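Here is the file target_39.cif (mmCIF, C-alpha atoms and all ligand atoms).
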data_work
loop_
_atom_site.label_atom_id
_atom_site.label_comp_id
_atom_site.auth_asym_id
_atom_site.auth_seq_id
_atom_site.Cartn_x
_atom_site.Cartn_y
_atom_site.Cartn_z
CA MET A 1 -85.97 131.39 -1.34
CA ILE A 2 -83.62 132.74 -3.98
CA LEU A 3 -81.13 130.08 -5.08
CA LYS A 4 -77.57 130.57 -6.28
CA ILE A 5 -77.17 130.42 -10.06
CA ALA A 6 -74.47 128.13 -11.44
CA LYS A 7 -72.34 130.01 -13.96
CA TYR A 8 -70.35 128.37 -16.74
CA PRO A 9 -68.12 126.32 -16.37
CA GLU A 10 -69.68 124.79 -13.20
CA PRO A 11 -69.57 121.00 -13.86
CA VAL A 12 -73.25 120.55 -12.87
CA LEU A 13 -74.23 122.47 -16.03
CA SER A 14 -72.61 119.92 -18.34
CA LYS A 15 -74.06 116.81 -16.70
CA PRO A 16 -77.39 115.26 -17.78
CA GLY A 17 -79.94 115.61 -14.94
CA GLU A 18 -81.41 112.63 -13.11
CA PRO A 19 -85.09 111.85 -13.81
CA VAL A 20 -87.52 113.18 -11.18
CA THR A 21 -89.29 110.24 -9.50
CA GLU A 22 -90.78 111.76 -6.31
CA PHE A 23 -93.67 114.21 -6.78
CA ASP A 24 -93.69 115.43 -3.19
CA ALA A 25 -93.47 118.58 -1.04
CA ASP A 26 -89.71 118.83 -1.65
CA LEU A 27 -90.32 119.01 -5.38
CA ARG A 28 -93.00 121.70 -4.96
CA LYS A 29 -90.61 123.72 -2.77
CA LEU A 30 -87.85 123.43 -5.39
CA VAL A 31 -90.26 124.56 -8.13
CA ALA A 32 -91.39 127.57 -6.03
CA ASP A 33 -87.76 128.53 -5.31
CA MET A 34 -86.83 128.18 -8.98
CA PHE A 35 -89.66 130.56 -10.01
CA GLU A 36 -88.59 133.05 -7.32
CA THR A 37 -84.96 132.85 -8.49
CA MET A 38 -85.90 133.21 -12.16
CA TYR A 39 -88.06 136.30 -11.48
CA ALA A 40 -85.30 137.86 -9.34
CA GLU A 41 -82.89 137.38 -12.26
CA GLN A 42 -85.38 138.64 -14.89
CA GLY A 43 -85.21 135.33 -16.77
CA VAL A 44 -87.95 133.61 -18.78
CA GLY A 45 -86.69 130.06 -18.22
CA LEU A 46 -84.61 128.21 -15.64
CA ALA A 47 -83.49 124.57 -15.45
CA ALA A 48 -82.65 122.75 -12.20
CA PRO A 49 -78.93 122.20 -13.09
CA GLN A 50 -78.63 126.03 -13.20
CA VAL A 51 -79.34 126.08 -9.44
CA PHE A 52 -76.94 123.17 -8.73
CA VAL A 53 -79.71 120.51 -8.73
CA SER A 54 -78.91 117.78 -11.25
CA LYS A 55 -82.52 116.90 -12.10
CA ARG A 56 -84.71 116.91 -15.19
CA LEU A 57 -86.86 119.88 -14.20
CA VAL A 58 -87.55 123.23 -15.91
CA VAL A 59 -89.62 126.31 -15.10
CA ILE A 60 -90.68 128.81 -17.78
CA ASP A 61 -92.67 132.06 -17.68
CA LEU A 62 -92.52 134.18 -20.81
CA SER A 63 -94.60 136.91 -19.11
CA ASN A 64 -92.02 137.19 -16.26
CA ASN A 65 -94.66 136.89 -13.51
CA LYS A 66 -97.23 139.17 -15.19
CA ASP A 67 -99.67 136.45 -16.26
CA PRO A 68 -100.17 133.33 -14.07
CA LYS A 69 -101.35 131.41 -17.17
CA ASP A 70 -97.80 131.62 -18.54
CA LYS A 71 -96.24 129.76 -15.61
CA LEU A 72 -95.02 126.39 -16.87
CA VAL A 73 -93.39 123.53 -14.99
CA LEU A 74 -91.84 120.79 -17.13
CA ILE A 75 -90.71 117.67 -15.33
CA ASN A 76 -88.78 114.97 -17.22
CA PRO A 77 -89.43 116.92 -20.45
CA GLU A 78 -88.61 115.70 -23.94
CA ILE A 79 -89.10 117.04 -27.44
CA ILE A 80 -91.26 114.66 -29.48
CA PHE A 81 -91.61 116.71 -32.68
CA ARG A 82 -89.72 119.55 -34.28
CA GLU A 83 -90.26 121.55 -37.47
CA GLY A 84 -88.78 124.55 -39.29
CA ARG A 85 -85.84 126.75 -38.41
CA LEU A 86 -85.24 129.88 -36.34
CA TYR A 87 -82.01 131.83 -35.98
CA GLU A 88 -82.44 134.32 -33.14
CA GLU A 89 -80.42 135.79 -30.32
CA GLU A 90 -80.49 133.98 -26.98
CA GLY A 91 -79.15 134.66 -23.53
CA CYS A 92 -78.71 132.40 -20.50
CA LEU A 93 -78.63 133.13 -16.76
CA SER A 94 -75.54 130.88 -16.53
CA PHE A 95 -73.75 133.12 -19.09
CA PRO A 96 -74.37 136.69 -17.90
CA GLU A 97 -73.75 139.33 -20.61
CA ILE A 98 -73.43 136.75 -23.39
CA ARG A 99 -76.04 137.00 -26.15
CA GLU A 100 -75.69 135.20 -29.44
CA LYS A 101 -77.76 133.83 -32.29
CA VAL A 102 -78.32 130.08 -32.33
CA VAL A 103 -80.23 127.80 -34.67
CA ARG A 104 -83.40 126.24 -33.26
CA ALA A 105 -86.51 124.53 -34.64
CA ALA A 106 -89.35 127.02 -35.28
CA LYS A 107 -91.98 124.72 -33.75
CA VAL A 108 -91.71 121.91 -31.27
CA ARG A 109 -94.05 119.63 -29.39
CA ILE A 110 -92.90 118.61 -25.95
CA ARG A 111 -94.03 115.90 -23.54
CA ALA A 112 -93.51 116.39 -19.81
CA GLN A 113 -94.94 115.69 -16.37
CA ASP A 114 -96.52 118.32 -14.12
CA VAL A 115 -95.80 118.72 -10.38
CA CYS A 116 -98.31 115.93 -9.65
CA GLY A 117 -96.64 113.54 -12.11
CA GLN A 118 -99.35 113.80 -14.81
CA TRP A 119 -98.01 113.57 -18.37
CA PHE A 120 -99.06 116.25 -20.85
CA GLU A 121 -98.08 117.46 -24.31
CA MET A 122 -97.70 121.05 -25.42
CA ASP A 123 -96.81 122.87 -28.65
CA GLY A 124 -94.51 125.87 -28.76
CA GLU A 125 -93.73 128.35 -31.52
CA GLU A 126 -91.33 131.28 -31.79
CA LEU A 127 -90.05 132.39 -28.36
CA LEU A 128 -91.75 129.51 -26.52
CA SER A 129 -90.26 126.99 -28.95
CA ARG A 130 -86.78 128.45 -28.41
CA CYS A 131 -87.28 128.49 -24.67
CA PHE A 132 -88.39 124.81 -24.65
CA GLN A 133 -85.30 123.84 -26.65
CA HIS A 134 -82.88 125.96 -24.60
CA GLU A 135 -84.19 124.66 -21.25
CA ILE A 136 -84.51 121.01 -22.33
CA ASP A 137 -80.90 121.26 -23.53
CA HIS A 138 -79.98 122.25 -19.95
CA VAL A 139 -81.47 119.08 -18.44
CA ASP A 140 -79.45 117.11 -21.02
CA GLY A 141 -76.25 118.91 -19.95
CA MET A 142 -76.09 120.86 -23.23
CA LEU A 143 -75.29 124.60 -23.19
CA PHE A 144 -76.19 127.21 -25.81
CA ILE A 145 -72.54 128.15 -26.29
CA PHE A 146 -72.08 124.71 -27.89
CA ARG A 147 -74.92 125.43 -30.33
CA MET A 148 -73.04 128.47 -31.71
CA SER A 149 -70.65 128.41 -34.63
CA THR A 150 -67.05 127.54 -33.67
CA LEU A 151 -66.01 131.13 -34.37
CA LYS A 152 -68.70 132.65 -32.12
CA ARG A 153 -68.08 130.05 -29.42
CA ASP A 154 -64.35 130.81 -29.32
CA LEU A 155 -65.00 134.56 -29.23
CA ASN A 156 -67.41 134.15 -26.33
CA LEU A 157 -65.14 131.76 -24.44
CA ARG A 158 -62.35 134.34 -24.72
CA LYS A 159 -64.72 137.05 -23.46
CA ILE A 160 -65.65 134.83 -20.48
CA ARG A 161 -62.00 134.12 -19.66
CA LYS A 162 -61.27 137.84 -19.72
CA MET A 163 -64.22 138.58 -17.40
CA GLN A 164 -63.01 135.79 -15.07
CA ARG A 165 -59.54 137.35 -14.98
CA ASP A 166 -61.04 140.77 -14.23
CA GLY A 167 -63.22 139.30 -11.46
CA GLU A 168 -66.42 140.14 -13.36
CA TRP A 169 -67.70 136.55 -13.80
ZN ZN B 201 -79.74 128.76 -20.17
#
If you took the structure in this file and wrote it as structure tokens, what would it be?
Ligand SMILES: [Zn+2]
Amino acid sequence: MILKIAKYPEPVLSKPGEPVTEFDADLRKLVADMFETMYAEQGVGLAAPQVFVSKRLVVIDLSNNKDPKDKLVLINPEIIFREGRLYEEEGCLSFPEIREKVVRAAKVRIRAQDVCGQWFEMDGEELLSRCFQHEIDHVDGMLFIFRMSTLKRDLNLRKIRKMQRDGEW
């Protein structure tokens, strides 16, 4: 089932998600729906608050459904190590049409649970590192627009307000 995407400034996007405690059929259904929604929107990552579910849950697939090995589910994820610096352009399904450079760590190690509740660790570099940081920000209620410089943020907020006025947001 394709879920509705929450667009900025929906309040659910700015609220830290609740920890996931039940690893049951409902969770598996939500994960499946989040993958379906992400593929339909051509995204590479999606966090539960972006589909109006205030939980600490993220799905990622850098191959966009071309390689099953790239499907990742991160439940209650956290970054346990970060190193280096990247400054690359990012987009976000909750900010259609907005793309901007943001500063991220070049490498991160994350710790998360899988759909069965098993803890695992994983390293990410380059695009995967940025994706981990962008999506884990979402479950903390942090949005990429607030990682931009003040100047860029204000420019983009003005652009969003204009699109809202024109009925394009
Ligand atoms: Zn996003």
(message) Can you tell me which residues surround Lys55 (chain A) at a distance of at most 6 Å, considering only C-alpha atoms, apart from same-chain residues fewer than 4 positions away, and format the answer as a list in words?
(response) Gly17, Glu18, Pro19 and Ala48 of chain A
Keeping only C-alpha atoms, write those residues as a compact mmCIF listing (two decimals), in the coordinates of the input.
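So part.txt came out as:
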# COMPACT_ATOMS: atom_id res chain seq x y z
CA GLY A 17 -79.94 115.61 -14.94
CA GLU A 18 -81.41 112.63 -13.11
CA PRO A 19 -85.09 111.85 -13.81
CA ALA A 48 -82.65 122.75 -12.20
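Using all atoms listed in the file, the shortest contact distance between ligand ZN 201 (chain B) and any of A:Leu3, A:Val73, A:Ala25, A:Val139 is found at A:Val139.
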(request) Skip Gly117 (chain A) itself and residues of its chain fewer than 2 positions away, then list as a VMD selection string all residues within 9 Å of it, counting only C-alpha atoms. (result) chain A and resid 21 to 23 75 112 to 115 119
(request) Show me as a PyMOL selection string the residues that reach within 9 Å of (-75.2, 127.6, -9.3), counting all atoms listed in the file and using the file's own coordinates. (result) chain A and resi 3-8+10+12-13+49-53+94
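CA of Val31 (chain A) is positioned 28.0 Å from CA of Glu88 (chain A).
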(request) Could the residues that lie within 9 Å of ligand ZN 201 (chain B), counting all atoms listed in the file, be listed as number ranges by chain? (result) A: 45-47, 50, 90-95, 131, 134-135, 137-138, 143-144
(request) Quote the spacing between CA of Arg85 (chain A) and CA of Arg104 (chain A) in Å to one decimal place. (result)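 Value for the CA of Arg85 (chain A)-CA of Arg104 (chain A) distance: 5.7 Å.
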Residues near Phe81 (chain A), cut-off 8 Å, only C-alpha atoms, skip fewer than 4 positions along chain, as a compact mmCIF listing (two decimals) with C-alpha atoms, in the frame of the given file:
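Heads up, here's the output in part.txt:
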# COMPACT_ATOMS: atom_id res chain seq x y z
CA VAL A 108 -91.71 121.91 -31.27
CA ARG A 109 -94.05 119.63 -29.39
CA ILE A 110 -92.90 118.61 -25.95
(request) Find, counting only C-alpha atoms, the residue in A:Thr37, A:Ser54, A:Asn156, A:Ser63 that gets nearest to Glu100 (chain A). (result)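 Of A:Thr37, A:Ser54, A:Asn156, A:Ser63, the one nearest Glu100 (chain A) is A:Asn156, counting only C-alpha atoms.
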(request) Rank nothing, just name the residue among A:Lys15, A:Lys152, A:Arg82, A:Lys29 nearest to Glu125 (chain A), using all atoms listed in the file. (result)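 Smallest distance to Glu125 (chain A) is found for A:Arg82.
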Can you tell me, as AutoDock Vina command-line options, the centre and edge lengths (Å, one decimal) of the axis-aligned box enclosing all of region 16-19 of chain A's listed atoms after padding each side by 8 Å?
--center_x -81.2 --center_y 113.7 --center_z -15.4 --size_x 23.7 --size_y 19.8 --size_z 20.7
